[in-house]
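Next comes entry.txt, a file with compact mmCIF, C-alpha atoms (C1' of nucleotides).
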```txt
# COMPACT_ATOMS: atom_id res chain seq x y z
CA MET A 1 -8.75 16.53 10.02
CA ALA A 2 -10.55 15.92 6.75
CA ARG A 3 -9.10 13.07 4.77
CA ARG A 4 -7.09 13.85 1.70
CA LYS A 5 -9.30 13.62 -1.40
CA ILE A 6 -6.64 11.77 -3.35
CA ALA A 7 -4.44 9.29 -1.54
CA ASN A 8 -2.54 7.48 -4.27
CA THR A 9 1.05 8.69 -4.37
CA LEU A 10 1.15 8.21 -8.13
CA ALA A 11 -0.96 11.35 -8.18
CA LEU A 12 1.84 13.10 -6.33
CA ALA A 13 4.27 12.04 -9.02
CA VAL A 14 2.00 13.27 -11.80
CA LEU A 15 1.42 16.57 -10.06
CA GLY A 16 5.14 16.96 -9.47
CA LEU A 17 6.01 16.58 -13.12
CA LEU A 18 3.22 18.86 -14.24
CA MET A 19 4.75 21.56 -12.03
CA GLU A 20 7.66 21.58 -14.49
CA ARG A 21 5.65 21.72 -17.69
CA PRO A 22 2.43 20.42 -19.27
CA MET A 23 2.56 16.81 -20.41
CA HIS A 24 0.31 13.99 -21.53
CA PRO A 25 -0.04 10.95 -19.26
CA TYR A 26 2.11 8.61 -21.28
CA GLU A 27 4.89 11.15 -21.25
CA VAL A 28 4.59 11.45 -17.48
CA ALA A 29 5.14 7.71 -17.12
CA SER A 30 8.15 7.55 -19.40
CA THR A 31 9.75 10.63 -17.84
CA LEU A 32 9.36 9.13 -14.37
CA ARG A 33 11.06 5.95 -15.52
CA GLU A 34 13.91 7.87 -17.15
CA ARG A 35 14.53 9.64 -13.89
CA HIS A 36 14.58 6.39 -11.90
CA LYS A 37 11.55 7.48 -9.94
CA ASP A 38 9.91 4.12 -10.51
CA SER A 39 11.21 2.82 -7.21
CA SER A 40 9.46 5.63 -5.36
CA PHE A 41 6.17 5.34 -7.23
CA LYS A 42 4.25 2.36 -8.46
CA ILE A 43 3.62 3.19 -12.07
CA THR A 44 1.08 1.08 -13.94
CA THR A 45 -0.64 2.37 -17.05
CA GLY A 46 -4.01 1.32 -15.71
CA SER A 47 -3.82 3.40 -12.55
CA LEU A 48 -2.10 6.26 -14.31
CA TYR A 49 -5.08 7.21 -16.44
CA ASP A 50 -7.50 6.76 -13.55
CA THR A 51 -5.28 8.93 -11.40
CA VAL A 52 -5.07 11.66 -14.02
CA ALA A 53 -8.84 11.56 -14.38
CA ALA A 54 -9.25 11.88 -10.62
CA LEU A 55 -6.86 14.84 -10.50
CA ALA A 56 -8.81 16.53 -13.28
CA ARG A 57 -12.10 15.80 -11.55
CA HIS A 58 -10.90 17.55 -8.43
CA GLY A 59 -9.57 20.49 -10.41
CA TRP A 60 -5.93 19.94 -9.45
CA ILE A 61 -4.98 19.67 -13.12
CA GLU A 62 -6.75 20.56 -16.37
CA PRO A 63 -6.48 19.58 -20.03
CA VAL A 64 -4.62 22.03 -22.25
CA GLU A 65 -5.09 20.56 -25.67
CA THR A 66 -6.08 17.34 -27.32
CA GLY A 67 -3.84 17.11 -30.30
CA ARG A 68 -1.80 14.69 -32.28
CA ASP A 69 1.82 14.70 -33.24
CA GLY A 70 2.14 13.64 -36.87
CA LYS A 71 -0.12 10.65 -37.22
CA ARG A 72 0.47 9.33 -33.72
CA PRO A 73 -2.54 8.44 -31.58
CA GLU A 74 -4.46 11.34 -30.18
CA ARG A 75 -3.44 12.45 -26.74
CA THR A 76 -4.43 14.89 -24.04
CA VAL A 77 -1.92 17.26 -22.53
CA TYR A 78 -2.56 18.43 -18.96
CA ARG A 79 -1.20 21.25 -16.85
CA HIS A 80 -1.49 21.94 -13.14
CA THR A 81 -3.87 24.52 -11.69
CA GLU A 82 -3.33 26.98 -8.86
CA LEU A 83 -5.33 24.70 -6.59
CA GLY A 84 -3.22 21.75 -7.71
CA HIS A 85 -0.06 23.59 -6.80
CA ARG A 86 -1.28 24.43 -3.32
CA GLU A 87 -2.49 20.89 -2.70
CA PHE A 88 0.79 19.47 -3.95
CA VAL A 89 2.85 21.45 -1.46
CA ALA A 90 0.44 20.81 1.41
CA TRP A 91 0.39 17.11 0.66
CA ILE A 92 4.17 16.79 0.67
CA ASP A 93 4.36 18.71 3.89
CA GLU A 94 1.86 16.38 5.49
CA LEU A 95 3.56 13.22 4.23
CA ILE A 96 6.93 14.38 5.53
CA ARG A 97 5.51 15.57 8.82
CA THR A 98 3.50 12.53 9.87
CA PRO A 99 5.08 9.08 9.92
CA GLY A 100 3.14 5.84 9.66
CA GLY A 101 0.15 5.10 7.51
CA ASP A 102 2.18 2.40 5.83
CA TYR A 103 1.82 -1.30 6.50
CA PRO A 104 4.91 -2.88 4.97
CA LYS A 105 4.42 -6.46 3.82
CA PHE A 106 7.62 -7.61 5.42
CA MET A 107 6.42 -6.53 8.84
CA ALA A 108 3.22 -8.49 8.29
CA ALA A 109 5.21 -11.57 7.38
CA VAL A 110 7.60 -11.18 10.30
CA SER A 111 4.58 -11.20 12.61
CA TYR A 112 4.15 -14.81 11.62
CA LEU A 113 7.79 -15.76 11.34
CA GLY A 114 7.04 -18.55 13.80
CA ALA A 115 4.93 -20.29 11.16
CA LEU A 116 8.15 -21.33 9.44
CA THR A 117 10.58 -23.78 10.98
CA PRO A 118 13.71 -22.15 12.40
CA GLN A 119 15.74 -23.49 9.48
CA ALA A 120 13.30 -22.24 6.85
CA ALA A 121 13.11 -18.85 8.55
CA ALA A 122 16.87 -18.46 8.71
CA ASP A 123 17.17 -19.53 5.11
CA ALA A 124 14.55 -17.08 3.87
CA LEU A 125 16.10 -14.25 5.89
CA THR A 126 19.50 -15.04 4.44
CA GLU A 127 18.18 -14.85 0.91
CA ARG A 128 16.49 -11.58 1.72
CA ALA A 129 19.77 -10.22 2.99
CA GLU A 130 21.47 -11.04 -0.30
CA LEU A 131 18.74 -9.37 -2.34
CA LEU A 132 18.81 -6.32 -0.09
CA GLN A 133 22.54 -6.03 -0.58
CA GLN A 134 21.97 -6.16 -4.33
CA ARG A 135 19.43 -3.34 -4.20
CA ILE A 136 21.75 -1.23 -2.14
CA ASN A 137 24.47 -1.74 -4.72
CA GLU A 138 22.17 -0.93 -7.61
CA MET A 139 21.06 2.26 -5.95
CA ALA A 140 24.68 3.18 -5.32
CA GLN A 141 25.32 2.86 -9.05
CA VAL A 142 22.37 5.04 -9.95
CA LEU A 143 23.50 7.68 -7.46
CA GLU A 144 27.04 7.51 -8.76
CA ALA A 145 25.92 7.92 -12.37
CA THR A 146 23.65 10.89 -11.66
CA VAL A 147 24.59 12.89 -8.59
CA GLY A 148 28.12 11.56 -8.34
CA ALA A 149 28.84 12.48 -11.94
CA GLY A 150 27.51 15.97 -11.35
CA GLN A 151 24.59 15.36 -13.71
CA LEU A 152 22.02 16.23 -11.06
CA PRO A 153 21.90 18.20 -7.80
CA ARG A 154 21.89 15.98 -4.76
CA LEU A 155 18.46 17.19 -3.65
CA PHE A 156 16.88 15.66 -6.76
CA MET A 157 17.95 12.16 -5.80
CA ILE A 158 17.79 12.53 -2.04
CA GLU A 159 15.19 9.76 -1.82
CA GLY A 160 17.90 7.43 -3.05
CA GLU A 161 19.98 8.24 -0.01
CA TYR A 162 16.96 7.64 2.18
CA ALA A 163 16.29 4.27 0.56
CA GLN A 164 19.87 3.21 1.03
CA HIS A 165 19.90 4.22 4.66
CA VAL A 166 16.72 2.29 5.44
CA TRP A 167 17.77 -0.75 3.41
CA ARG A 168 21.03 -0.90 5.32
CA ALA A 169 19.08 -0.95 8.55
CA GLU A 170 16.85 -3.72 7.21
CA LEU A 171 19.90 -5.61 6.11
CA SER A 172 21.59 -5.47 9.48
CA TRP A 173 18.42 -6.58 11.27
CA THR A 174 17.84 -9.40 8.82
CA ARG A 175 21.39 -10.68 9.23
CA ARG A 176 21.27 -10.39 12.99
CA ILE A 177 18.04 -12.34 13.32
CA ALA A 178 19.29 -15.03 10.96
CA ALA A 179 22.38 -15.33 13.15
CA GLU A 180 20.31 -15.44 16.33
CA ILE A 181 18.24 -18.27 14.94
CA HIS A 182 21.38 -20.21 14.13
CA ASP A 183 23.05 -19.76 17.49
CA GLY A 184 19.82 -20.33 19.41
CA THR A 185 19.53 -16.83 20.88
CA LEU A 186 16.07 -16.53 19.31
CA ARG A 187 14.09 -19.52 20.59
CA TRP A 188 11.19 -21.27 18.90
CA PRO A 189 8.65 -22.03 21.61
CA ASP A 190 7.62 -25.68 21.24
CA ALA A 191 3.91 -25.61 20.73
CA MET B 1 6.03 -17.01 -11.40
CA ALA B 2 2.26 -16.92 -11.16
CA ARG B 3 0.92 -14.03 -9.17
CA ARG B 4 -0.44 -14.71 -5.74
CA LYS B 5 -4.21 -15.06 -5.86
CA ILE B 6 -4.65 -12.95 -2.74
CA ALA B 7 -2.34 -10.03 -2.11
CA ASN B 8 -3.85 -8.17 0.82
CA THR B 9 -1.82 -8.86 3.98
CA LEU B 10 -4.96 -8.66 6.08
CA ALA B 11 -5.68 -12.09 4.61
CA LEU B 12 -2.38 -13.23 6.07
CA ALA B 13 -3.47 -12.04 9.49
CA VAL B 14 -6.82 -13.81 9.22
CA LEU B 15 -5.21 -17.01 8.06
CA GLY B 16 -2.67 -16.81 10.86
CA LEU B 17 -5.29 -16.58 13.56
CA LEU B 18 -7.40 -19.34 12.05
CA MET B 19 -4.35 -21.59 12.31
CA GLU B 20 -4.82 -21.38 16.08
CA ARG B 21 -8.53 -22.08 16.19
CA PRO B 22 -11.76 -21.38 14.27
CA MET B 23 -13.17 -17.89 14.70
CA HIS B 24 -15.71 -15.53 13.23
CA PRO B 25 -14.48 -12.37 11.46
CA TYR B 26 -15.34 -9.91 14.17
CA GLU B 27 -13.47 -12.03 16.67
CA VAL B 28 -10.44 -12.07 14.36
CA ALA B 29 -10.39 -8.29 14.32
CA SER B 30 -10.68 -7.86 18.06
CA THR B 31 -8.09 -10.55 18.78
CA LEU B 32 -5.62 -8.86 16.43
CA ARG B 33 -6.14 -5.58 18.24
CA GLU B 34 -5.70 -7.18 21.65
CA ARG B 35 -2.40 -8.58 20.51
CA HIS B 36 -1.19 -5.22 19.22
CA LYS B 37 -1.02 -6.56 15.69
CA ASP B 38 -2.87 -3.54 14.36
CA SER B 39 0.39 -1.81 13.55
CA SER B 40 1.40 -4.69 11.29
CA PHE B 41 -1.94 -5.03 9.54
CA LYS B 42 -4.43 -2.47 8.39
CA ILE B 43 -7.66 -3.67 9.92
CA THR B 44 -10.88 -2.10 8.66
CA THR B 45 -14.18 -3.90 9.02
CA GLY B 46 -15.04 -3.28 5.42
CA SER B 47 -11.99 -5.02 4.01
CA LEU B 48 -12.12 -7.71 6.65
CA TYR B 49 -15.36 -9.24 5.42
CA ASP B 50 -14.32 -8.94 1.78
CA THR B 51 -11.03 -10.59 2.61
CA VAL B 52 -12.68 -13.44 4.45
CA ALA B 53 -15.04 -13.91 1.50
CA ALA B 54 -12.08 -14.01 -0.89
CA LEU B 55 -10.26 -16.54 1.26
CA ALA B 56 -13.38 -18.73 1.32
CA ARG B 57 -13.82 -18.34 -2.44
CA HIS B 58 -10.32 -19.65 -3.00
CA GLY B 59 -10.83 -22.51 -0.57
CA TRP B 60 -8.16 -21.36 1.87
CA ILE B 61 -10.74 -21.25 4.67
CA GLU B 62 -14.27 -22.64 5.06
CA PRO B 63 -17.31 -21.90 7.22
CA VAL B 64 -17.80 -24.21 10.18
CA GLU B 65 -21.12 -23.07 11.56
CA THR B 66 -23.49 -20.17 11.41
CA GLY B 67 -24.84 -19.80 14.89
CA ARG B 68 -25.75 -17.25 17.43
CA ASP B 69 -24.69 -16.74 21.00
CA GLY B 70 -27.68 -15.81 23.09
CA LYS B 71 -29.53 -13.17 21.12
CA ARG B 72 -26.42 -11.64 19.61
CA PRO B 73 -26.32 -11.10 15.85
CA GLU B 74 -25.82 -14.17 13.76
CA ARG B 75 -22.26 -14.94 12.82
CA THR B 76 -20.23 -17.31 10.74
CA VAL B 77 -17.27 -19.15 12.19
CA TYR B 78 -14.49 -20.13 9.79
CA ARG B 79 -11.59 -22.55 9.97
CA HIS B 80 -8.56 -22.96 7.75
CA THR B 81 -8.24 -25.74 5.18
CA GLU B 82 -5.23 -27.88 4.26
CA LEU B 83 -4.74 -25.74 1.17
CA GLY B 84 -4.98 -22.62 3.30
CA HIS B 85 -2.27 -23.91 5.59
CA ARG B 86 0.11 -24.62 2.73
CA GLU B 87 -0.53 -21.26 1.08
CA PHE B 88 -0.03 -19.48 4.40
CA VAL B 89 3.42 -20.93 4.91
CA ALA B 90 4.45 -20.45 1.28
CA TRP B 91 3.25 -16.86 1.34
CA ILE B 92 5.21 -15.98 4.46
CA ASP B 93 8.30 -17.60 3.02
CA GLU B 94 7.95 -15.53 -0.13
CA LEU B 95 7.35 -12.27 1.73
CA ILE B 96 10.40 -12.83 3.93
CA ARG B 97 12.55 -13.94 1.04
CA THR B 98 11.91 -11.17 -1.47
CA PRO B 99 12.29 -7.52 -0.45
CA GLY B 100 10.57 -4.63 -2.20
CA GLY B 101 7.06 -4.52 -3.58
CA ASP B 102 6.38 -1.68 -1.16
CA TYR B 103 6.19 1.97 -2.11
CA PRO B 104 6.34 3.86 1.17
CA LYS B 105 4.60 7.21 1.11
CA PHE B 106 7.45 8.96 2.82
CA MET B 107 9.83 8.00 0.02
CA ALA B 108 7.38 9.41 -2.50
CA ALA B 109 7.23 12.67 -0.59
CA VAL B 110 11.00 12.86 -0.17
CA SER B 111 11.30 12.62 -3.95
CA TYR B 112 9.73 16.05 -4.05
CA LEU B 113 11.30 17.50 -0.93
CA GLY B 114 12.55 20.32 -3.13
CA ALA B 115 8.96 21.52 -3.59
CA LEU B 116 9.10 22.89 -0.04
CA THR B 117 11.32 25.78 0.95
CA PRO B 118 14.41 24.75 2.92
CA GLN B 119 12.86 26.12 6.10
CA ALA B 120 9.55 24.33 5.59
CA ALA B 121 11.36 21.08 4.79
CA ALA B 122 13.55 21.26 7.87
CA ASP B 123 10.56 22.07 9.99
CA ALA B 124 8.49 19.17 8.68
CA LEU B 125 11.42 16.78 9.10
CA THR B 126 11.89 17.94 12.66
CA GLU B 127 8.28 17.28 13.52
CA ARG B 128 8.51 13.87 11.92
CA ALA B 129 11.52 13.11 14.07
CA GLU B 130 9.56 13.90 17.21
CA LEU B 131 6.67 11.70 16.19
CA LEU B 132 9.02 8.88 15.27
CA GLN B 133 10.64 9.11 18.68
CA GLN B 134 7.21 8.85 20.22
CA ARG B 135 6.37 5.72 18.26
CA ILE B 136 9.62 4.13 19.25
CA ASN B 137 8.85 4.83 22.88
CA GLU B 138 5.34 3.46 22.60
CA MET B 139 6.59 0.27 21.02
CA ALA B 140 9.17 -0.04 23.77
CA GLN B 141 6.37 0.07 26.31
CA VAL B 142 4.36 -2.59 24.52
CA LEU B 143 7.43 -4.83 24.31
CA GLU B 144 8.19 -4.23 27.97
CA ALA B 145 4.66 -5.11 29.03
CA THR B 146 4.49 -8.32 26.98
CA VAL B 147 7.83 -9.91 26.24
CA GLY B 148 9.73 -8.05 28.96
CA ALA B 149 7.24 -9.14 31.59
CA GLY B 150 7.53 -12.74 30.42
CA GLN B 151 3.92 -12.73 29.22
CA LEU B 152 4.88 -13.77 25.72
CA PRO B 153 7.82 -15.47 23.99
CA ARG B 154 10.04 -13.04 22.14
CA LEU B 155 9.30 -14.65 18.76
CA PHE B 156 5.64 -13.62 19.04
CA MET B 157 6.49 -9.93 19.14
CA ILE B 158 9.60 -10.01 16.97
CA GLU B 159 7.99 -7.65 14.46
CA GLY B 160 8.07 -5.05 17.21
CA GLU B 161 11.84 -5.31 17.35
CA TYR B 162 11.96 -4.98 13.59
CA ALA B 163 9.77 -1.89 13.65
CA GLN B 164 11.91 -0.28 16.31
CA HIS B 165 15.10 -0.98 14.40
CA VAL B 166 13.77 0.52 11.18
CA TRP B 167 12.19 3.51 12.92
CA ARG B 168 15.49 4.28 14.59
CA ALA B 169 17.14 4.31 11.18
CA GLU B 170 14.43 6.60 9.84
CA LEU B 171 14.86 8.82 12.83
CA SER B 172 18.59 9.19 12.41
CA TRP B 173 18.24 9.96 8.70
CA THR B 174 15.48 12.46 9.34
CA ARG B 175 17.53 14.29 11.97
CA ARG B 176 20.64 14.27 9.84
CA ILE B 177 18.92 15.76 6.80
CA ALA B 178 17.21 18.42 8.93
CA ALA B 179 20.64 19.34 10.27
CA GLU B 180 22.19 19.37 6.79
CA ILE B 181 19.51 21.76 5.62
CA HIS B 182 20.22 24.07 8.53
CA ASP B 183 23.96 24.12 8.12
CA GLY B 184 23.77 24.38 4.33
CA THR B 185 25.35 20.99 3.54
CA LEU B 186 22.26 20.10 1.55
CA ARG B 187 21.79 22.83 -1.06
CA TRP B 188 18.60 24.02 -2.67
CA PRO B 189 19.41 24.62 -6.34
CA ASP B 190 18.04 28.02 -7.33
CA ALA B 191 15.63 27.31 -10.16
C1' DA C 1 -37.95 3.37 34.12
C1' DT C 2 -35.46 5.94 30.66
C1' DC C 3 -31.55 7.55 28.31
C1' DC C 4 -26.89 7.31 26.65
C1' DT C 5 -22.73 5.15 25.55
C1' DT C 6 -20.06 1.25 24.24
C1' DA C 7 -19.49 -3.40 22.34
C1' DT C 8 -21.11 -6.83 19.11
C1' DA C 9 -21.58 -8.26 14.21
C1' DG C 10 -21.90 -7.23 9.86
C1' DT C 11 -23.70 -4.88 5.03
C1' DC C 12 -23.20 -1.93 1.11
C1' DG C 13 -22.19 1.46 -2.53
C1' DG C 14 -18.96 3.96 -4.58
C1' DA C 15 -14.07 4.77 -5.43
C1' DT C 16 -9.81 2.93 -6.72
C1' DC C 17 -6.63 -0.18 -8.73
C1' DC C 18 -4.43 -2.65 -12.24
C1' DG C 19 -3.51 -6.52 -15.58
C1' DA C 20 -4.67 -7.57 -20.06
C1' DC C 21 -5.91 -5.85 -24.07
C1' DT C 22 -6.24 -2.76 -28.55
C1' DG C 23 -4.49 -0.38 -32.43
C1' DA C 24 -1.58 2.53 -35.09
C1' DA C 25 3.35 3.99 -36.56
C1' DG C 26 8.12 3.60 -37.31
C1' DG C 27 12.13 0.66 -37.99
C1' DA C 28 14.93 -3.57 -39.06
C1' DG C 29 15.84 -7.38 -41.81
C1' DG C 30 15.26 -10.26 -45.73
C1' DC D 1 7.93 -3.88 -50.09
C1' DC D 2 6.35 -7.28 -46.88
C1' DT D 3 6.46 -9.21 -42.31
C1' DC D 4 7.58 -8.89 -37.59
C1' DC D 5 8.92 -6.36 -33.50
C1' DT D 6 8.93 -2.43 -30.52
C1' DT D 7 7.25 2.01 -29.00
C1' DC D 8 3.49 5.01 -28.39
C1' DA D 9 -1.05 6.04 -26.23
C1' DG D 10 -4.72 4.69 -24.14
C1' DT D 11 -9.27 1.75 -22.80
C1' DC D 12 -11.81 -1.51 -20.06
C1' DG D 13 -13.73 -5.06 -16.98
C1' DG D 14 -13.32 -7.13 -12.98
C1' DA D 15 -11.34 -7.30 -8.37
C1' DT D 16 -10.41 -4.98 -4.25
C1' DC D 17 -10.83 -1.59 -0.75
C1' DC D 18 -12.91 0.86 2.81
C1' DG D 19 -15.75 4.58 5.10
C1' DA D 20 -20.26 5.13 6.46
C1' DC D 21 -23.99 2.93 7.88
C1' DT D 22 -27.50 -0.47 10.36
C1' DA D 23 -29.19 -2.98 14.26
C1' DT D 24 -29.22 -5.31 18.61
C1' DA D 25 -27.58 -5.89 23.44
C1' DA D 26 -25.31 -4.85 27.73
C1' DG D 27 -23.83 -1.63 31.16
C1' DG D 28 -24.19 2.59 33.61
C1' DA D 29 -25.91 7.04 34.87
C1' DT D 30 -29.95 10.02 36.03
```

Please rewrite the model in this file as structure tokens.
Amino acid sequence: MARRKIANTLALAVLGLLMERPMHPYEVASTLRERHKDSSFKITTGSLYDTVAALARHGWIEPVETGRDGKRPERTVYRHTELGHREFVAWIDELIRTPGGDYPKFMAAVSYLGALTPQAAADALTERAELLQQRINEMAQVLEATVGAGQLPRLFMIEGEYAQHVWRAELSWTRRIAAEIHDGTLRWPDA
Amino acid sequence: MARRKIANTLALAVLGLLMERPMHPYEVASTLRERHKDSSFKITTGSLYDTVAALARHGWIEPVETGRDGKRPERTVYRHTELGHREFVAWIDELIRTPGGDYPKFMAAVSYLGALTPQAAADALTERAELLQQRINEMAQVLEATVGAGQLPRLFMIEGEYAQHVWRAELSWTRRIAAEIHDGTLRWPDA
DNA sequence: ATCCTTATAGTCGGATCCGACTGAAGGAGG
DNA sequence: CCTCCTTCAGTCGGATCCGACTATAAGGAT
């Protein structure tokens, strides 16, 4: 199984937007933010231009025109290619199909939870729980204002539902472990 | 809030092991694998040596000796410093305390689920569900063989419980959406 | 004795990533 | 009509990441 030539998911986002219509990179970034896709993709200007260059290098997208609008800075508009379209679909299929390949930071930290004292651990977990609850609420508001208000088909914000579902699971685990530390169910081995 | 000097969680793993006793990089890698920590940390030899170098550069660890065992290749043993210890604890606290900062690939792909046909999407989700179930089972076996058999205190494999909990949530969501596609609850807008 | 595989230990070059920066245009306030 | 702030559009240098590679030694098979 040959490794994917481009791994960065920001490239997926770019490709996805270019399926709709040609755009220049800056426009891609602002459109993604408008659509609240910035919690699915890490958008930094630096990587954006590198990513676009990589996509062009591999022939997944190509420049259409290098023009200027009024006296604004010059900019390059890109569109997707046939190859880009095929790769886009295949990539999504693969990402959906095969789990893993992610190493979440929280899991790394939990591996060394024992490095904190029981009190510190419980405290940190409790704060995490509050922040998770906040995120869940914020996402609920976004969903309400878009899908709920009939502004957008549900499929276009389905990742929001996914995020909520997973965050709720994280929340319940976090609360449970904090509780287990308090009531002594989860023991700290004395080393 | 000044950004953390070292972001790679592999550094966290290295630091964590060096808290126990001094080791050389290769030994760190093999010990992590023995302990099944390779699903929490992405361990590649390339990054390992860079990471160790970065840790040393920042004074979080320091070389103890550069010796050789028999006629084996030369190797450098490192130990943690006081500073390294403090940063280790502070880093874990921060990672536990503040959620987010992760952009899971699956969420990215789900954002463009609509790029697949309903049938293809349902099919990919179904395969994902099977693979997730497999992972959950594998983790159950690891937990059984270590914590279950009394080989290890529960706290030392607690990230396994976390992983299982989250994977189960992913699994239920994945199955539900596949079902909703089949029964037409989740509509594909005709573009 | 010789060959082959696996384990030990690490190097290196190219790709990627991203924070900090530049520079021009339009708008708001005095 | 001058200054300051924000938005637009992108560049760049340095840090990081990691797959592919080297080289030696032990352990088995032939």

Find the residues of chain D that sit at most 12 Å from chain A; for each, write down the nearest two atoms and how far apart they are in Å, to one decimal. Count only C-alpha atoms (C1' of nucleotides). Sort by chain, then by number going up, and give it as a tab-separated table.
```
residue	atom	partner	partner_atom	distance
D:DT7	C1'	A:Arg72	CA	11.0
D:DC8	C1'	A:Arg72	CA	7.5
D:DA9	C1'	A:Pro73	CA	6.1
D:DG10	C1'	A:Tyr49	CA	8.1
D:DT11	C1'	A:Gly46	CA	8.8
D:DC12	C1'	A:Gly46	CA	9.4
D:DG13	C1'	A:Gly46	CA	11.7
D:DG19	C1'	A:Arg3	CA	10.8
```

Take the selection from the previous step and output its residues with C-alpha atoms (C1' of nucleotides), as a PDB file, keeping the file's coordinate frame.
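The resulting file, part_26.pdb, is shown below:
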```
ATOM      1  C1'  DT D   7       7.250   2.010 -29.000  1.00  0.00           C
ATOM      2  C1'  DC D   8       3.490   5.010 -28.390  1.00  0.00           C
ATOM      3  C1'  DA D   9      -1.050   6.040 -26.230  1.00  0.00           C
ATOM      4  C1'  DG D  10      -4.720   4.690 -24.140  1.00  0.00           C
ATOM      5  C1'  DT D  11      -9.270   1.750 -22.800  1.00  0.00           C
ATOM      6  C1'  DC D  12     -11.810  -1.510 -20.060  1.00  0.00           C
ATOM      7  C1'  DG D  13     -13.730  -5.060 -16.980  1.00  0.00           C
ATOM      8  C1'  DG D  19     -15.750   4.580   5.100  1.00  0.00           C
TER       9       DG D  19
END
```

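Counting from CA of Arg97 (chain A), the distance to CA of Glu127 (chain B) is 5.7 Å.
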
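Among the candidates B:Trp91, B:Phe156, B:Trp60, B:Tyr103, the residue lying nearest to His36 (chain B) is B:Phe156 (atoms considered: only C-alpha atoms).
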
With the cut-off set at 12 Å and counting only C-alpha atoms (C1' of nucleotides), tabulate each residue of chain C with an atom at most that distance from an atom of chain B, showing the nearest atom pair and its distance in Å to one decimal, ordered by chain and increasing number, as a tab-separated table.
```
residue	atom	partner	partner_atom	distance
C:DA7	C1'	B:Ser30	CA	10.8
C:DT8	C1'	B:Arg72	CA	7.2
C:DA9	C1'	B:Pro73	CA	5.8
C:DG10	C1'	B:Tyr49	CA	8.2
C:DT11	C1'	B:Gly46	CA	8.8
C:DC12	C1'	B:Gly46	CA	9.3
C:DG13	C1'	B:Gly46	CA	11.7
C:DG19	C1'	B:Arg3	CA	10.8
```

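Within the 12 Å cut-off around DA15 (chain D), using only C-alpha atoms (C1' of nucleotides) and omitting residues fewer than 5 positions from it on the same chain, the listed residues are Lys5, Ile6, Ala7, Asn8, Asp50, Thr51 and Ala54 of chain B; DT16, DC17, DC18 and DG19 of chain C.
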
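Across the structure, CA of Glu170 (chain B) and CA of Lys37 (chain B) are spaced 21.1 Å apart.
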
(Q) Just want the 12 Å neighbourhood of DG28 (chain D), counted on only C-alpha atoms (C1' of nucleotides), with same-chain residues fewer than 5 positions away dropped. Output as number ranges by chain. (A) C: 3-6
